[in-house]
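Structure first, commentary second.
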Amino acid sequence: MALITRMSFAHTVHSNSSFLNNKNHFNSIPSNSKAKSFYSNLELASSFGRFATSKVSFRQSTPARKLVVSMAPPVPSSPSSIGHHIGGKDAKAHLTVYLDYCCPYSAIFYKTFFEQVVPHYGPKLLTTFYHQVQPWHAQSIFMHEAALAATMIGGDEAFWKFSAALMDQQAEYFDVKVDNLTRLQVCEKLADLAATVGVDKAKMLDLLKLSPKLVAEGAKNPGNAVTQQLKFEIRASRQMSIHVSPTTTLNGILYESSSSYTLDKWKEILDPVV
């Protein structure tokens with residue numbers, strides 16, 4: 001039997017109501033036929049439809065609050081609000097890199113690329129840093145949250161300064177260093193590091209703590225002030241099926257690269273493109 005859509009099914013029930021009400025016609029169908037089974041189901045659906053209609057009529061006759069439910073997910077405020085961009089916005093070469101603050105290879109990549117390659121090309125190259133959280137290191141989440149908090153406090157300048165400091169000091173946040181620390185203690189440690197590059201410690205801790213408003217309303221998993229932005233960042237990498245850090249794309253295409261690449265190696269790759 002062909003599939004019946006909701007509209008066509010409703011139409012079928014309605015158009016066949018006279019047939020269903022005529023028991024002589026209905027009983028004349030052989031009991032083992034597909035038609036008998038079909039109209040039996042149709043009769044049940046018709047009865048349910050009458051019941052549902054009566055229930056709706058009852059509900060409509062009584063005053064009710066107007067409830068509007070939006071199922072649309074939140075969206076970023078602008079295309080550029082995901083990731084962190086540096087370089088020329090009109091550059092012919094656009095390299096994106098997915099890095100994790102707790103990944104040793106990401107730190108090596110960061111130091112070479114952002115401290116040597118990016119300054120070398122200046123406005124000829126646009127580079128976008130994406131947060132590639134590696135959740136098997138639980139503290140990785142807190143590290144990325146801290147970087148997003150730094151951005152909220154001091155903009156791009158604060159982000160790049162804090163990222164450089166965090167990559168340089170990432171060994172202090174490896175599993176063996178934070179294994180006995182609570183979430184709040186890790187955040188305190190991150191805020192102390194942020195303060196060394198001019199980011200207000202108190203403001204960062206305020207952004208990283210659980211939402212007091214939602215907690216007061218009874219929420220059990222309220223998140224904090226940067227949770228939604230972190231969700232956007234993670235979704236951006238998931239929809240690209242990114243798993244490994246570091247991962248790079250060049251002008252929109254996944255591009256095999258290595259944390260071992262030197263400035264000279266990157267010049268071989270980028271010079272023909274810029």
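In the structure tokens, chains take letters A, B, ... by order of appearance, with residues numbered from 1 within each chain and ligands from 1 in the order shown.
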
Point to revise | Picked from range 223-257 of chain A by DSSP as strand (DSSP E or B), as a VMD selection string | key: chain A and resid 247 to 250 253 to 255

Prev. selection, C-alpha atoms, output as a CSV table (one decimal), in the first residue's frame:
chain,number,residue,atom,x,y,z
A,247,THR,CA,43.3,20.7,11.3
A,248,THR,CA,43.6,23.3,8.5
A,249,THR,CA,41.6,24.4,5.5
A,250,LEU,CA,43.0,26.6,2.7
A,253,ILE,CA,39.2,23.0,1.2
A,254,LEU,CA,40.6,20.7,3.8
A,255,TYR,CA,44.4,20.9,3.5

**Study point:** Residues near Met152 in chain A, cut-off 9 Å, only C-alpha atoms, skip fewer than 4 positions along chain, as a list of chain:residue names
**Key:** A:Ala147, A:Leu148, A:Asp156, A:Ala158, A:Phe159, A:Met204, A:Leu207, A:Val226

How would the residues just picked look written out with N, CA and C atoms as an mmCIF file, in the first residue's frame?
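Output contents, as saved in again-v6.cif:
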data_model
loop_
_atom_site.group_PDB
_atom_site.id
_atom_site.type_symbol
_atom_site.label_atom_id
_atom_site.label_comp_id
_atom_site.auth_asym_id
_atom_site.auth_seq_id
_atom_site.Cartn_x
_atom_site.Cartn_y
_atom_site.Cartn_z
ATOM 1 N N ALA A 147 39.211 31.538 27.074
ATOM 2 C CA ALA A 147 39.598 32.326 25.901
ATOM 3 C C ALA A 147 38.416 33.123 25.362
ATOM 4 N N LEU A 148 37.228 32.510 25.373
ATOM 5 C CA LEU A 148 36.030 33.224 24.927
ATOM 6 C C LEU A 148 35.678 34.342 25.896
ATOM 7 N N ASP A 156 39.392 41.258 20.381
ATOM 8 C CA ASP A 156 40.386 40.443 19.680
ATOM 9 C C ASP A 156 41.779 40.560 20.295
ATOM 10 N N ALA A 158 42.667 41.054 23.380
ATOM 11 C CA ALA A 158 42.748 40.230 24.583
ATOM 12 C C ALA A 158 42.776 38.747 24.223
ATOM 13 N N PHE A 159 41.997 38.362 23.203
ATOM 14 C CA PHE A 159 41.978 36.956 22.802
ATOM 15 C C PHE A 159 43.355 36.486 22.360
ATOM 16 N N MET A 204 36.624 37.930 34.400
ATOM 17 C CA MET A 204 36.683 36.603 33.796
ATOM 18 C C MET A 204 35.996 35.577 34.695
ATOM 19 N N LEU A 207 32.309 35.755 34.393
ATOM 20 C CA LEU A 207 31.775 35.167 33.159
ATOM 21 C C LEU A 207 31.808 33.641 33.192
ATOM 22 N N VAL A 226 29.471 32.246 28.664
ATOM 23 C CA VAL A 226 30.103 31.934 27.379
ATOM 24 C C VAL A 226 29.627 30.596 26.807
#

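The residue that comes closest to His120 in chain A, out of A:Val186, A:Gly87, A:Tyr261, A:Val244 and on the basis of only C-alpha atoms, is A:Gly87.
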
Point to revise | Selection near range 162-170 of chain A, 7 Å with only C-alpha atoms, sequence-local residues under 6 positions removed, as a PyMOL selection string | key: chain A and resi 101-102+107+147+194+197

How about saving the chosen residues, C-alpha atoms kept, as a PDB file, in the first residue's frame?
ATOM      1  CA  TYR A 101      44.563  24.650  23.952  1.00  0.00           C
ATOM      2  CA  CYS A 102      45.344  21.347  25.668  1.00  0.00           C
ATOM      3  CA  ALA A 107      50.731  24.658  20.723  1.00  0.00           C
ATOM      4  CA  ALA A 147      39.598  32.326  25.901  1.00  0.00           C
ATOM      5  CA  ALA A 194      44.663  36.082  31.997  1.00  0.00           C
ATOM      6  CA  VAL A 197      48.225  39.788  29.886  1.00  0.00           C
TER       7      VAL A 197
END

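Minimum distance to Phe174 in chain A across A:Gln132, A:Ser81, A:Ser140, A:Asn221 (counting only C-alpha atoms) occurs at A:Ser140.
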
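With only C-alpha atoms as the atoms that count, the residue of A:Val273, A:Met143, A:Ala149, A:Val97 with the shortest distance to Gln228 in chain A is A:Ala149.
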
Study note, to complete from the structure: Correct to one decimal, the distance CA of Pro212 in chain A-CA of Pro74 in chain A is 21.3 Å

**Study point:** Contact residues around Asp206 in chain A with only C-alpha atoms at 9 Å, ignoring same-chain residues under 4 positions, as a list in words
**Key:** Lys201, Ala202, Leu210, Asn224 and Ala225 of chain A

Check your understanding: Nearest to Tyr105 in chain A: which of A:Ala171, A:Leu208, A:Ala146, A:Ala138 is it, counting only C-alpha atoms?
Key -> A:Ala171

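Taking CA of Lys89 in chain A as the reference point, CA of Thr127 in chain A is found at 9.1 Å.
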